[in-house]
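S.K.: Below: one structure in structure tokens.
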Amino acid sequence: MYRQALRWAPNIKILRLSDSLNIGNGFWRIIGGLQKLTSLTMYSVSFRGDIPANEVAHVAGLRVLSLNISNSRVFSLLQVLNSTMLSRLNCDPNSLDTLLVGGPVETLETLTISDSEINIQSMHITFSKVPYIRKLTIYSHTEENSTEVVPRSSPTLLPNLQSLKCFFPLLAFLAPGRPLVSLHVLDDDSPPLDLGTILGSHSLLGFPPDIEELKTPGPEATTKLTTLITDAWFPLTDLALQHTILFRILLRTFPALLQFQLDDPVTWKRFSVDEAWRVLVPDKYREEVVAQLKAGDYDMVDHEGYL
């Protein structure tokens with residue numbers, strides 16, 4: 001069915017394949033013939049064997065801008081794919097290493113590493129081959145049996161990184177020394193994180209001395225970060241404490257901060273450093289917040305006028 005459909009769509013630019021196992025080798029020729037293809041997604045896809053020699057040239061001729069191969073085993077494609085124009089990639093660590101065997105991918109700007117265990121030491125080599133990454137998302141954990149302290153990465157690694165989304169243990173490796181604008185700390189609830197842990201201190205009410213771990217060296221260090229999001233468990237209704245965290249801790253270190261979000265329900269936001277802060281609740285959480293208000297769970301104060 002795939003083959004028949006694609007034969008009638010030679011000018012297709014975006015292709016998504018999902019939940020397809022053991023696709024025959026003849027399909028590579030069809031994919032390689034889509035010369036206008038710019039975005040290729042393969043989710044839970046596997047092919048039978050390697051790409052036959054008579055079809056390698058067709059696949060090697062592809063110059064996709066975006067490639068998503070999460071949860072797929074397509075190593076034979078990665079070994080021959082022309083990555084000279086690739087700017088967006090979503091894959092597991094093994095697939096990434098396979099792609100980079102052919103050399104650095106200097107066009108890659110957005111990288112998502114899907115759920116899997118990663119080896120911190122090997123990341124030094126991997127990230128040295130993608131020097132122009134600006135947005136990095138890592139849903140992977142460090143190796144389960146690793147007892148080593150996560151080291152800091154080389155200051156020359158990922159010099160252009162502006163947006164980082166990862167689990168807490170990887171912060172010490174990836175955050176220091178980067179010109180970050182957006183930081184999203186993931187949490188897998190085992191055990192649940194609190195904001196004090198994320199900021200490197202057990203105290204939420206004072207200036208945490210270890211918050212320096214998240215700062216980049218140099219005069220621009222405290223001015224670039226504009227977005228901080230955490231998935232840490234936090235009381236939805238404790239707006240007074242959130243206010244304290246924002247004004248007594250975060251803004252001292254990140255004065256350019258424009259958005260602060262603790263999990264999904266509540267976002268503190270301002271549109272410029274000269275504007276007042278406001279608390280925003282997404283539409284999907286409004287019923288929950290109203291229910292909390294009716295139950296008397298909110299402290300009915302205006303928090304110094306910021307609500």
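We name chains A, B, ... following the order of the structure tokens; residues begin at 1 in each chain, and ligands are numbered from 1 as shown.
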Using DSSP on the backbone coordinates, identify all residues within range 18-53 of chain A classified as alpha helix (DSSP H); present the result as a PyMOL selection string.

M.R.: chain A and resi 26-32+53

S.K.: For range 66-144 of chain A against range 153-176 of chain A, with a cut-off of 8 Å and counting only C-alpha atoms, what is the closest atom pair and its distance in Å to one decimal for every residue that makes the cut, ordered by chain and number, as CSV?

M.R.:
residue,atom,partner,partner_atom,distance
A:His124,CA,A:Ser153,CA,6.8
A:Phe127,CA,A:Leu157,CA,6.6
A:Ser128,CA,A:Leu157,CA,6.0
A:Val130,CA,A:Leu158,CA,7.5
A:Pro131,CA,A:Leu158,CA,5.3
A:Tyr132,CA,A:Asn160,CA,5.8
A:Ile133,CA,A:Leu161,CA,5.7
A:Arg134,CA,A:Leu161,CA,4.2
A:Lys135,CA,A:Ser163,CA,4.6
A:Leu136,CA,A:Leu164,CA,5.0
A:Thr137,CA,A:Lys165,CA,4.6
A:Ile138,CA,A:Cys166,CA,4.9
A:Tyr139,CA,A:Cys166,CA,6.1
A:Ser140,CA,A:Phe167,CA,7.7
A:His141,CA,A:Phe167,CA,7.0
A:Thr142,CA,A:Pro169,CA,7.7

S.K.: For CA of Phe27 in chain A and CA of Ala57 in chain A, quote the distance in Å rounded to one decimal.

M.R.: 13.5 Å

S.K.: Have a look at CA of Ser76 in chain A and CA of Asp50 in chain A and let me know their distance in Å, one decimal.

M.R.: 5.3 Å

S.K.: Tell me, in Å to one decimal, how far CA of Thr98 in chain A is from CA of Lys129 in chain A.

M.R.: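 Computing it gives 12.1 Å between the two atoms.
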
S.K.: From a DSSP calculation on the backbone, collect every residue of range 1-157 of chain A in strand (DSSP E) and output the set as a PyMOL selection string.

M.R.: chain A and resi 14-23+39-47+66-68+88-91+110-113+117-118+135-138+141-142

S.K.: Create the file for the chosen residues now, containing C-alpha atoms and written as an mmCIF file, in the first residue's frame.

M.R.:
data_model
loop_
_atom_site.group_PDB
_atom_site.id
_atom_site.type_symbol
_atom_site.label_atom_id
_atom_site.label_comp_id
_atom_site.auth_asym_id
_atom_site.auth_seq_id
_atom_site.Cartn_x
_atom_site.Cartn_y
_atom_site.Cartn_z
ATOM 1 C CA ILE A 14 6.762 15.534 3.904
ATOM 2 C CA LEU A 15 6.555 11.787 4.534
ATOM 3 C CA ARG A 16 5.567 10.056 7.772
ATOM 4 C CA LEU A 17 5.699 6.272 8.180
ATOM 5 C CA SER A 18 4.550 4.668 11.420
ATOM 6 C CA ASP A 19 4.144 1.225 12.966
ATOM 7 C CA SER A 20 5.524 -0.577 9.929
ATOM 8 C CA LEU A 21 7.670 -3.675 10.447
ATOM 9 C CA ASN A 22 9.896 -5.577 8.029
ATOM 10 C CA ILE A 23 9.294 -3.375 5.001
ATOM 11 C CA SER A 39 10.977 16.004 6.007
ATOM 12 C CA LEU A 40 11.059 12.258 6.728
ATOM 13 C CA THR A 41 9.514 10.693 9.848
ATOM 14 C CA MET A 42 9.789 6.989 10.618
ATOM 15 C CA TYR A 43 8.158 6.010 13.900
ATOM 16 C CA SER A 44 8.384 2.346 14.928
ATOM 17 C CA VAL A 45 9.611 1.347 11.485
ATOM 18 C CA SER A 46 12.070 -1.385 10.555
ATOM 19 C CA PHE A 47 13.379 -2.645 7.223
ATOM 20 C CA SER A 66 14.271 17.215 8.967
ATOM 21 C CA LEU A 67 14.625 13.554 10.018
ATOM 22 C CA ASN A 68 12.634 11.854 12.798
ATOM 23 C CA ARG A 88 16.507 18.899 12.543
ATOM 24 C CA LEU A 89 17.020 15.378 13.907
ATOM 25 C CA ASN A 90 15.058 13.186 16.328
ATOM 26 C CA CYS A 91 16.622 9.793 17.088
ATOM 27 C CA THR A 110 17.805 21.146 16.479
ATOM 28 C CA LEU A 111 18.488 17.765 18.077
ATOM 29 C CA THR A 112 16.119 15.551 20.074
ATOM 30 C CA ILE A 113 17.540 12.385 21.613
ATOM 31 C CA GLU A 117 20.141 5.333 28.286
ATOM 32 C CA ILE A 118 23.157 7.393 27.316
ATOM 33 C CA LYS A 135 18.080 23.599 20.564
ATOM 34 C CA LEU A 136 18.791 20.339 22.414
ATOM 35 C CA THR A 137 16.195 18.017 23.964
ATOM 36 C CA ILE A 138 17.298 14.828 25.715
ATOM 37 C CA HIS A 141 18.672 9.009 31.242
ATOM 38 C CA THR A 142 22.242 8.370 32.238
#

S.K.: Would you list the contacts of Leu86 in chain A as an MDAnalysis selection string, taking every protein, DNA or RNA residue within 8 Å and counting only C-alpha atoms, but skipping same-chain residues closer than 3 positions in sequence?

M.R.: chainID A and resid 63:67 83 89 105 107:108

S.K.: Using the selection just defined, write its residues with C-alpha atoms as a short mmCIF file (atom, residue, chain, number, x, y, z; two decimals), in the first residue's frame.

M.R.:
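Okay, this is what ended up in selection18.cif:
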data_model
loop_
_atom_site.label_atom_id
_atom_site.label_comp_id
_atom_site.auth_asym_id
_atom_site.auth_seq_id
_atom_site.Cartn_x
_atom_site.Cartn_y
_atom_site.Cartn_z
CA ARG A 63 18.90 15.78 1.12
CA VAL A 64 16.29 16.04 3.85
CA LEU A 65 16.17 19.02 6.20
CA SER A 66 14.27 17.21 8.97
CA LEU A 67 14.62 13.55 10.02
CA SER A 83 23.29 14.82 5.84
CA LEU A 89 17.02 15.38 13.91
CA VAL A 105 26.98 17.44 10.72
CA THR A 107 24.11 22.10 9.57
CA LEU A 108 22.28 20.47 12.49
#
